[in-house]
Every structure is written in C-alpha cells, then in structure tokens.
$ cat final07.txt   # compact mmCIF, C-alpha atoms
# COMPACT_ATOMS: atom_id res chain seq x y z
CA MET H 1 -195.10 61.88 -40.64
CA ASN H 2 -195.16 62.82 -44.34
CA PHE H 3 -192.97 64.07 -47.21
CA HIS H 4 -193.00 67.62 -45.88
CA ASP H 5 -191.98 66.54 -42.34
CA VAL H 6 -189.06 64.48 -43.63
CA ASN H 7 -187.89 67.32 -45.83
CA LEU H 8 -187.87 69.68 -42.86
CA ILE H 9 -185.79 67.23 -40.81
CA ILE H 10 -183.29 66.81 -43.66
CA GLU H 11 -182.99 70.58 -44.02
CA GLN H 12 -182.03 70.83 -40.34
CA GLY H 13 -179.17 68.40 -40.89
CA GLU H 14 -177.61 66.00 -38.44
CA GLY H 15 -177.21 67.25 -34.90
CA TYR H 16 -177.97 66.69 -31.25
CA ASN H 17 -181.36 65.07 -31.88
CA ILE H 18 -181.18 64.09 -35.57
CA GLU H 19 -179.14 61.38 -37.25
CA PHE H 20 -179.07 60.09 -40.83
CA LYS H 21 -178.36 56.44 -41.66
CA ARG H 22 -177.80 55.31 -45.22
CA ARG H 23 -178.61 51.76 -44.19
CA ILE H 24 -178.67 49.50 -41.14
CA SER H 25 -175.40 47.62 -40.94
CA SER H 26 -176.15 45.92 -37.61
CA ALA H 27 -178.70 45.96 -34.82
CA GLU H 28 -175.86 46.65 -32.35
CA LYS H 29 -174.95 49.98 -33.97
CA ILE H 30 -178.58 51.04 -34.09
CA ALA H 31 -179.04 50.06 -30.43
CA ARG H 32 -176.23 52.40 -29.36
CA THR H 33 -177.90 55.29 -31.18
CA LEU H 34 -181.36 54.49 -29.79
CA ILE H 35 -179.90 54.32 -26.28
CA SER H 36 -178.06 57.62 -26.67
CA PHE H 37 -181.25 59.42 -27.69
CA ALA H 38 -183.36 57.78 -24.97
CA ASN H 39 -180.76 58.65 -22.33
CA THR H 40 -180.56 62.27 -23.45
CA LYS H 41 -183.42 64.36 -24.87
CA GLY H 42 -184.84 62.01 -27.49
CA GLY H 43 -184.34 62.26 -31.23
CA THR H 44 -185.09 61.09 -34.76
CA ILE H 45 -183.19 58.71 -37.04
CA LEU H 46 -183.80 58.77 -40.78
CA PHE H 47 -182.90 55.50 -42.50
CA GLY H 48 -182.27 55.72 -46.22
CA VAL H 49 -180.66 59.16 -46.00
CA ASP H 50 -176.94 59.74 -46.58
CA ASP H 51 -174.76 61.95 -44.37
CA ASP H 52 -175.07 64.81 -46.85
CA GLY H 53 -178.87 64.63 -46.74
CA SER H 54 -179.33 62.94 -50.11
CA ILE H 55 -182.09 60.33 -50.35
CA VAL H 56 -180.93 56.80 -51.16
CA GLY H 57 -183.94 54.93 -49.81
CA VAL H 58 -184.06 51.65 -47.93
CA GLU H 59 -183.81 48.29 -49.68
CA SER H 60 -186.22 46.30 -47.50
CA GLU H 61 -188.52 48.09 -45.10
CA LYS H 62 -189.54 44.87 -43.36
CA SER H 63 -186.03 43.59 -42.60
CA GLU H 64 -184.75 46.99 -41.52
CA ILE H 65 -187.73 47.61 -39.23
CA GLU H 66 -187.11 44.19 -37.69
CA LEU H 67 -183.51 45.18 -36.91
CA ILE H 68 -184.68 48.46 -35.33
CA GLU H 69 -187.17 46.56 -33.16
CA ILE H 70 -184.48 44.03 -32.14
CA ALA H 71 -182.15 46.92 -31.25
CA GLY H 72 -184.77 48.50 -29.01
CA SER H 73 -186.21 45.38 -27.40
CA ASP H 74 -183.33 42.88 -27.18
CA LEU H 75 -180.21 45.07 -27.00
CA SER H 76 -181.35 47.70 -24.52
CA ASP H 77 -182.14 47.33 -20.84
CA PRO H 78 -184.74 48.54 -20.14
CA PRO H 79 -186.21 48.16 -23.63
CA ILE H 80 -186.78 51.24 -25.77
CA ARG H 81 -190.07 51.87 -27.52
CA THR H 82 -189.80 53.59 -30.88
CA GLU H 83 -192.30 55.15 -33.25
CA ILE H 84 -191.64 54.07 -36.85
CA ASP H 85 -193.04 55.57 -40.04
CA ILE H 86 -192.35 54.65 -43.68
CA VAL H 87 -192.46 57.78 -45.84
CA PRO H 88 -192.37 57.69 -49.68
CA PHE H 89 -189.89 60.32 -50.81
CA ASN H 90 -189.37 60.97 -54.53
CA GLY H 91 -189.93 57.34 -55.43
CA LYS H 92 -187.84 56.01 -52.55
CA ASP H 93 -188.85 54.97 -49.06
CA VAL H 94 -187.39 56.55 -45.94
CA ILE H 95 -187.83 54.98 -42.51
CA VAL H 96 -188.38 57.56 -39.78
CA CYS H 97 -187.60 56.28 -36.28
CA SER H 98 -188.59 58.59 -33.41
CA ILE H 99 -187.25 58.05 -29.88
CA ALA H 100 -188.67 59.91 -26.91
CA GLU H 101 -186.60 60.97 -23.93
CA SER H 102 -186.89 58.09 -21.48
CA ARG H 103 -188.41 58.19 -18.02
CA THR H 104 -186.48 55.02 -17.06
CA LYS H 105 -182.88 56.18 -17.50
CA PRO H 106 -180.26 54.96 -17.87
CA HIS H 107 -180.65 52.45 -20.67
CA TYR H 108 -177.81 49.92 -20.94
CA PHE H 109 -176.43 48.37 -24.12
CA LEU H 110 -176.67 44.55 -24.05
CA GLY H 111 -174.62 43.81 -27.16
CA PRO H 112 -170.94 42.82 -27.42
CA GLN H 113 -168.37 45.32 -26.17
CA ASP H 114 -165.21 46.56 -27.86
CA ARG H 115 -163.28 46.51 -24.59
CA LEU H 116 -163.52 45.27 -21.01
CA ASP H 117 -167.18 45.40 -20.08
CA ASN H 118 -168.24 47.63 -17.21
CA GLU H 119 -171.18 49.88 -16.41
CA ASN H 120 -169.78 52.89 -18.27
CA THR H 121 -169.12 51.09 -21.56
CA ARG H 122 -172.75 49.99 -21.68
CA VAL H 123 -174.35 53.43 -21.41
CA TYR H 124 -174.44 55.88 -24.30
CA ILE H 125 -175.50 59.51 -24.51
CA ARG H 126 -175.78 62.14 -27.22
CA VAL H 127 -173.07 64.82 -27.35
CA ASN H 128 -173.49 67.35 -30.18
CA ASP H 129 -174.03 65.12 -33.25
CA LYS H 130 -172.24 62.05 -31.84
CA THR H 131 -173.15 58.96 -29.86
CA VAL H 132 -170.57 58.56 -27.08
CA MET H 133 -170.04 56.41 -24.00
CA ALA H 134 -171.15 58.00 -20.76
CA SER H 135 -168.76 58.57 -17.87
CA LYS H 136 -169.54 57.13 -14.46
CA GLU H 137 -170.60 60.64 -13.37
CA VAL H 138 -173.10 60.90 -16.23
CA VAL H 139 -174.40 57.39 -15.50
CA LYS H 140 -175.04 58.39 -11.90
CA ILE H 141 -176.78 61.61 -12.98
CA LEU H 142 -179.01 59.58 -15.31
CA GLN H 143 -179.86 57.23 -12.46
CA ASP H 144 -180.80 60.19 -10.28
CA GLU H 145 -183.07 61.58 -13.04
CA ASN H 146 -185.25 58.49 -12.69
CA PRO H 147 -188.65 59.46 -11.19
CA ASP H 148 -188.23 56.60 -8.69
CA ALA H 149 -184.85 57.88 -7.44
CA PRO H 150 -184.73 58.72 -3.70
CA PRO H 151 -185.21 62.35 -2.64
CA LEU H 152 -182.14 64.58 -2.90
CA THR H 153 -180.42 66.04 0.15
CA VAL H 154 -177.45 68.41 -0.22
CA ALA H 155 -175.24 69.63 2.60
CA ILE H 156 -172.87 72.53 1.95
CA GLY H 157 -169.64 71.94 3.86
CA GLU H 158 -166.04 73.10 3.57
CA ASN H 159 -165.38 71.00 0.43
CA GLU H 160 -168.35 72.51 -1.36
CA ARG H 161 -167.40 76.05 -0.31
CA ARG H 162 -163.88 75.62 -1.68
CA LEU H 163 -165.35 74.24 -4.88
CA PHE H 164 -167.59 77.29 -5.32
CA GLN H 165 -164.66 79.64 -4.61
CA HIS H 166 -162.58 77.86 -7.25
CA LEU H 167 -165.36 78.02 -9.81
CA GLU H 168 -165.97 81.70 -9.15
CA GLN H 169 -162.31 82.40 -9.89
CA LEU H 170 -161.40 79.85 -12.60
CA GLU H 171 -164.90 79.00 -13.89
CA ARG H 172 -164.34 75.25 -14.43
CA ILE H 173 -163.02 72.13 -12.72
CA THR H 174 -162.68 68.38 -13.42
CA VAL H 175 -163.26 65.51 -11.00
CA ARG H 176 -159.52 65.00 -10.57
CA GLU H 177 -158.84 68.70 -10.03
CA PHE H 178 -161.56 68.91 -7.39
CA GLY H 179 -160.17 65.88 -5.57
CA ARG H 180 -156.73 67.45 -5.45
CA LEU H 181 -158.13 70.82 -4.45
CA VAL H 182 -159.75 69.52 -1.27
CA ASN H 183 -157.52 66.44 -0.79
CA ILE H 184 -160.14 63.73 -1.23
CA SER H 185 -160.34 60.66 -3.46
CA ASP H 186 -161.59 60.95 -7.03
CA ARG H 187 -164.48 58.70 -6.04
CA LYS H 188 -165.61 61.03 -3.25
CA ALA H 189 -165.06 64.08 -5.46
CA SER H 190 -167.24 62.47 -8.12
CA ARG H 191 -170.07 61.81 -5.64
CA ILE H 192 -170.06 65.43 -4.44
CA LEU H 193 -170.07 66.83 -7.97
CA VAL H 194 -172.85 64.51 -9.12
CA ARG H 195 -175.00 65.47 -6.13
CA LEU H 196 -174.51 69.17 -6.87
CA VAL H 197 -175.36 68.64 -10.55
CA ARG H 198 -178.59 66.93 -9.60
CA ALA H 199 -179.38 69.80 -7.21
CA GLY H 200 -178.95 72.24 -10.09
CA VAL H 201 -176.08 74.09 -8.39
CA ILE H 202 -173.44 73.17 -10.96
CA ARG H 203 -173.50 71.93 -14.55
CA ILE H 204 -171.60 69.09 -16.20
CA HIS H 205 -170.12 69.63 -19.65
CA THR H 206 -169.47 66.55 -21.79
CA HIS H 207 -168.58 68.07 -25.17
CA GLU H 208 -164.80 68.06 -24.66
CA LYS H 209 -162.33 65.18 -24.28
CA GLU H 210 -162.45 65.47 -20.50
CA GLU H 211 -165.66 66.40 -18.73
CA PHE H 212 -165.70 69.46 -16.54
CA PHE H 213 -168.07 71.29 -14.23
CA THR H 214 -169.13 74.94 -13.94
CA LEU H 215 -171.44 76.93 -11.71
CA ALA H 216 -175.07 76.92 -12.82
CA TYR H 217 -175.63 80.35 -11.26
CA GLU H 218 -174.19 82.58 -8.55
CA VAL H 219 -174.03 80.58 -5.33
CA LYS H 220 -174.64 82.11 -1.91
CA TYR H 221 -172.72 80.31 0.85
$ encode --input "final07.txt" --output "structure tokens"
Amino acid sequence: MNFHDVNLIIEQGEGYNIEFKRRISSAEKIARTLISFANTKGGTILFGVDDDGSIVGVESEKSEIELIEIAGSDLSDPPIRTEIDIVPFNGKDVIVCSIAESRTKPHYFLGPQDRLDNENTRVYIRVNDKTVMASKEVVKILQDENPDAPPLTVAIGENERRLFQHLEQLERITVREFGRLVNISDRKASRILVRLVRAGVIRIHTHEKEEFFTLAYEVKY
C-alpha cells in the first residue's frame, strides 16, 4: 500500500467497502466496523481521513494500531485478523486497515451494548455506506454461509408455492407479510425465507427500514 493506492481509495469515497475515520475514538466503535466488513464482503478503513476525504493524519500510529488490534482480537468473536499499513501522505500519516470477507461468519461484538443484549444486537453488517445491526434472518444466513454449516435441503410445499405466486405478482414480501399470507408464525416464516435465501431461490434486501425478500430468478414449481 502506497501514496497512489491511498489516493485512489479516497477518490472512490466512502461506500459499501470503504470507510474514513478522522481518528479512533474507541475500540468498541472500531470493532463494530471491523465486524460489519468481515460479516459482509470485506473492506478498507482509512484512519486519519475526514468524511470529505481531506487528510488530517493520525496523532499516534502506535496507540491507534493498538486500539485496532484490540478491536479485532478482544471485541470480536471469533477474532478478526486485519492487515495494517502506515502510509505517509503529504507529510501526514494515514493508517490503512484492510479486512477480508470472513470464512467464519458471523462475528459477534463483545463490547457493551446500548440496549438489551441478544444475538441480533451483537452482529453487524455493512449496508450501503453504513454499519448496521443484523436482523435474526441475516444472522441465520451468515451462519449458513459458514463452510462448516450442514448441507442444505429445500422442500417446495404449499407455503413455498404461495410465496412464489405472491412474489410473481407483487415482487416483494416481508417476514410478517409471508406469515400472514400462509397463516404461520413469524418464526416459521423466517425459517422458510432464510432457507430459500441460502438456496439462492430468493434474495434478502436490507437497505430499507424493514427487510424484504424478492425472487432471485423465475421459479418453476
């Protein structure tokens, strides 16, 4: 990683796999971002860069790198390995932290919580340019992406057929809407939808206030 590489990242701006941090305010905040990248498609954090892309530099490389390492090793379960580079940039140092997409998803946040602790509030993902808490459906999908997850079996019954008919007509559905459509509990509706997402039959969309599901392609049933 060099001056040219950092400049290219800054030119791209913040987004799904890039985040700028002026400074490290706490290891907990950094841990949430590391976890979100590891649980999604990986990403890069530039420390010493303001939101508008201007270079402010880091005050102490050693102390800030220590906080990044604490965030990855002590505040994530399983721990997250990061690749860290210090790049001189116009007389100021920028810390480049690269996070690969994890093969041991999901990673859980081990720091203090802002509300009642449960599985969902400890898992973070990347949505557009934000770090957000994952829903229980997304947590389950992440668990199923683990290479050690059991083999997938999908049975297409009456509930699934009615789901596909609904999606062909109205294009989208939420967990609650699906449960009401086929008169099952939200919990059972969630399990069916998650299984179909993992099978690649439907897609989950997390970029709105309430998650919804759509067909991945035309389904024959």
$ residues_around --input "final07.txt" --residues "Glu137 in chain H" --least-positions-apart "2" --cutoff "10 Å" --atoms "only C-alpha atoms" --output "PyMOL selection string"
chain H and resi 120+134-135+139-143+175+187+190-191+193-195+197+204+211
$ atom_distance --input "final07.txt" --atom1 "CA of Ser63 in chain H" --atom2 "CA of Leu110 in chain H"
20.8 Å
$ closest_residue --input "final07.txt" --among "H:Asp129, H:Asp77, H:Glu210, H:Glu83" --to "His107 in chain H" --atoms "all atoms listed in the file"
H:Asp77
$ closest_residue --input "final07.txt" --among "H:Phe164, H:Phe109, H:Phe178, H:Phe213" --to "Ala27 in chain H" --atoms "all atoms listed in the file"
H:Phe109
$ residues_around --input "final07.txt" --residues "Glu19 in chain H" --least-positions-apart "6" --cutoff "7 Å" --atoms "all atoms listed in the file" --output "list in words"
Thr44, Ile45 and Leu46 of chain H
$ write_last_selection --input "final07.txt" --atoms "C-alpha atoms" --output "PDB file, in the frame of the given file"
ATOM      1  CA  THR H  44    -185.090  61.090 -34.760  1.00  0.00           C
ATOM      2  CA  ILE H  45    -183.190  58.710 -37.040  1.00  0.00           C
ATOM      3  CA  LEU H  46    -183.800  58.770 -40.780  1.00  0.00           C
TER       4      LEU H  46
END
$ closest_residue --input "final07.txt" --among "H:Gly57, H:Gly91, H:Cys97, H:Ala71" --to "Ile9 in chain H" --atoms "all atoms listed in the file"
H:Cys97
$ closest_residue --input "final07.txt" --among "H:Ser36, H:Thr82, H:Thr174, H:Ser26" --to "Gly111 in chain H" --atoms "only C-alpha atoms"
H:Ser26
$ atom_distance --input "final07.txt" --atom1 "CA of Val182 in chain H" --atom2 "CA of Asn159 in chain H"
6.1 Å
$ residues_around --input "final07.txt" --residues "Gly13 in chain H" --least-positions-apart "4" --cutoff "10 Å" --atoms "only C-alpha atoms" --output "PyMOL selection string"
chain H and resi 8-9+17-20+51-53+129
$ atom_distance --input "final07.txt" --atom1 "CA of Val138 in chain H" --atom2 "CA of His166 in chain H"
21.9 Å
$ residues_around --input "final07.txt" --residues "Arg172 in chain H" --least-positions-apart "3" --cutoff "9 Å" --atoms "all atoms listed in the file" --output "compact mmCIF listing (two decimals) with C-alpha atoms, in the frame of the given file"
# COMPACT_ATOMS: atom_id res chain seq x y z
CA HIS H 166 -162.58 77.86 -7.25
CA LEU H 167 -165.36 78.02 -9.81
CA GLU H 168 -165.97 81.70 -9.15
CA GLN H 169 -162.31 82.40 -9.89
CA PHE H 212 -165.70 69.46 -16.54
CA PHE H 213 -168.07 71.29 -14.23
CA THR H 214 -169.13 74.94 -13.94
CA LEU H 215 -171.44 76.93 -11.71
$ decode --input "final07.txt" --residues "range 147-215 of chain H" --atoms "C-alpha atoms" --output "PDB file, in the first residue's frame"
ATOM      1  CA  PRO H 147     -18.135 -23.636   5.257  1.00  0.00           C
ATOM      2  CA  ASP H 148     -18.811 -25.976   8.201  1.00  0.00           C
ATOM      3  CA  ALA H 149     -22.592 -25.462   8.032  1.00  0.00           C
ATOM      4  CA  PRO H 150     -24.629 -28.647   7.396  1.00  0.00           C
ATOM      5  CA  PRO H 151     -25.733 -29.422   3.830  1.00  0.00           C
ATOM      6  CA  LEU H 152     -28.840 -27.591   2.611  1.00  0.00           C
ATOM      7  CA  THR H 153     -32.089 -29.390   1.842  1.00  0.00           C
ATOM      8  CA  VAL H 154     -35.095 -27.498   0.458  1.00  0.00           C
ATOM      9  CA  ALA H 155     -38.589 -28.900   0.055  1.00  0.00           C
ATOM     10  CA  ILE H 156     -41.113 -26.962  -2.024  1.00  0.00           C
ATOM     11  CA  GLY H 157     -44.550 -27.297  -0.428  1.00  0.00           C
ATOM     12  CA  GLU H 158     -47.779 -25.325  -0.465  1.00  0.00           C
ATOM     13  CA  ASN H 159     -46.333 -22.463   1.625  1.00  0.00           C
ATOM     14  CA  GLU H 160     -43.428 -22.022  -0.761  1.00  0.00           C
ATOM     15  CA  ARG H 161     -45.706 -22.153  -3.818  1.00  0.00           C
ATOM     16  CA  ARG H 162     -47.940 -19.428  -2.405  1.00  0.00           C
ATOM     17  CA  LEU H 163     -44.856 -17.373  -1.636  1.00  0.00           C
ATOM     18  CA  PHE H 164     -43.628 -17.645  -5.226  1.00  0.00           C
ATOM     19  CA  GLN H 165     -47.087 -16.735  -6.571  1.00  0.00           C
ATOM     20  CA  HIS H 166     -47.146 -13.657  -4.341  1.00  0.00           C
ATOM     21  CA  LEU H 167     -43.675 -12.584  -5.415  1.00  0.00           C
ATOM     22  CA  GLU H 168     -44.501 -13.049  -9.081  1.00  0.00           C
ATOM     23  CA  GLN H 169     -47.460 -10.694  -8.675  1.00  0.00           C
ATOM     24  CA  LEU H 170     -46.282  -8.150  -6.069  1.00  0.00           C
ATOM     25  CA  GLU H 171     -42.495  -8.647  -6.348  1.00  0.00           C
ATOM     26  CA  ARG H 172     -41.663  -8.313  -2.623  1.00  0.00           C
ATOM     27  CA  ILE H 173     -42.675  -9.584   0.802  1.00  0.00           C
ATOM     28  CA  THR H 174     -41.589  -9.214   4.456  1.00  0.00           C
ATOM     29  CA  VAL H 175     -41.387 -11.934   7.097  1.00  0.00           C
ATOM     30  CA  ARG H 176     -44.600 -10.721   8.723  1.00  0.00           C
ATOM     31  CA  GLU H 177     -46.460 -10.497   5.413  1.00  0.00           C
ATOM     32  CA  PHE H 178     -45.423 -14.032   4.490  1.00  0.00           C
ATOM     33  CA  GLY H 179     -46.561 -15.360   7.866  1.00  0.00           C
ATOM     34  CA  ARG H 180     -49.972 -13.779   7.401  1.00  0.00           C
ATOM     35  CA  LEU H 181     -50.196 -14.924   3.799  1.00  0.00           C
ATOM     36  CA  VAL H 182     -49.896 -18.613   4.669  1.00  0.00           C
ATOM     37  CA  ASN H 183     -51.135 -18.386   8.286  1.00  0.00           C
ATOM     38  CA  ILE H 184     -47.950 -19.441  10.066  1.00  0.00           C
ATOM     39  CA  SER H 185     -45.907 -17.869  12.863  1.00  0.00           C
ATOM     40  CA  ASP H 186     -43.307 -15.214  12.088  1.00  0.00           C
ATOM     41  CA  ARG H 187     -40.685 -17.620  13.398  1.00  0.00           C
ATOM     42  CA  LYS H 188     -41.649 -20.356  10.937  1.00  0.00           C
ATOM     43  CA  ALA H 189     -41.969 -17.812   8.116  1.00  0.00           C
ATOM     44  CA  SER H 190     -38.468 -16.579   8.902  1.00  0.00           C
ATOM     45  CA  ARG H 191     -37.023 -20.111   8.771  1.00  0.00           C
ATOM     46  CA  ILE H 192     -38.595 -20.788   5.371  1.00  0.00           C
ATOM     47  CA  LEU H 193     -37.377 -17.500   3.904  1.00  0.00           C
ATOM     48  CA  VAL H 194     -33.849 -17.952   5.249  1.00  0.00           C
ATOM     49  CA  ARG H 195     -33.659 -21.466   3.793  1.00  0.00           C
ATOM     50  CA  LEU H 196     -34.784 -20.196   0.389  1.00  0.00           C
ATOM     51  CA  VAL H 197     -32.244 -17.348   0.504  1.00  0.00           C
ATOM     52  CA  ARG H 198     -29.468 -19.807   1.203  1.00  0.00           C
ATOM     53  CA  ALA H 199     -30.690 -21.974  -1.688  1.00  0.00           C
ATOM     54  CA  GLY H 200     -30.433 -18.964  -3.985  1.00  0.00           C
ATOM     55  CA  VAL H 201     -34.149 -19.008  -4.830  1.00  0.00           C
ATOM     56  CA  ILE H 202     -34.962 -15.649  -3.253  1.00  0.00           C
ATOM     57  CA  ARG H 203     -32.934 -12.608  -2.211  1.00  0.00           C
ATOM     58  CA  ILE H 204     -32.988 -10.606   1.011  1.00  0.00           C
ATOM     59  CA  HIS H 205     -32.825  -6.817   0.816  1.00  0.00           C
ATOM     60  CA  THR H 206     -31.534  -4.960   3.877  1.00  0.00           C
ATOM     61  CA  HIS H 207     -31.191  -1.392   2.576  1.00  0.00           C
ATOM     62  CA  GLU H 208     -34.609  -0.177   3.741  1.00  0.00           C
ATOM     63  CA  LYS H 209     -36.054   0.271   7.237  1.00  0.00           C
ATOM     64  CA  GLU H 210     -37.752  -3.115   7.057  1.00  0.00           C
ATOM     65  CA  GLU H 211     -36.103  -6.019   5.270  1.00  0.00           C
ATOM     66  CA  PHE H 212     -37.928  -7.655   2.413  1.00  0.00           C
ATOM     67  CA  PHE H 213     -37.484 -10.564   0.041  1.00  0.00           C
ATOM     68  CA  THR H 214     -37.748 -10.900  -3.747  1.00  0.00           C
ATOM     69  CA  LEU H 215     -37.369 -13.702  -6.265  1.00  0.00           C
TER      70      LEU H 215
END
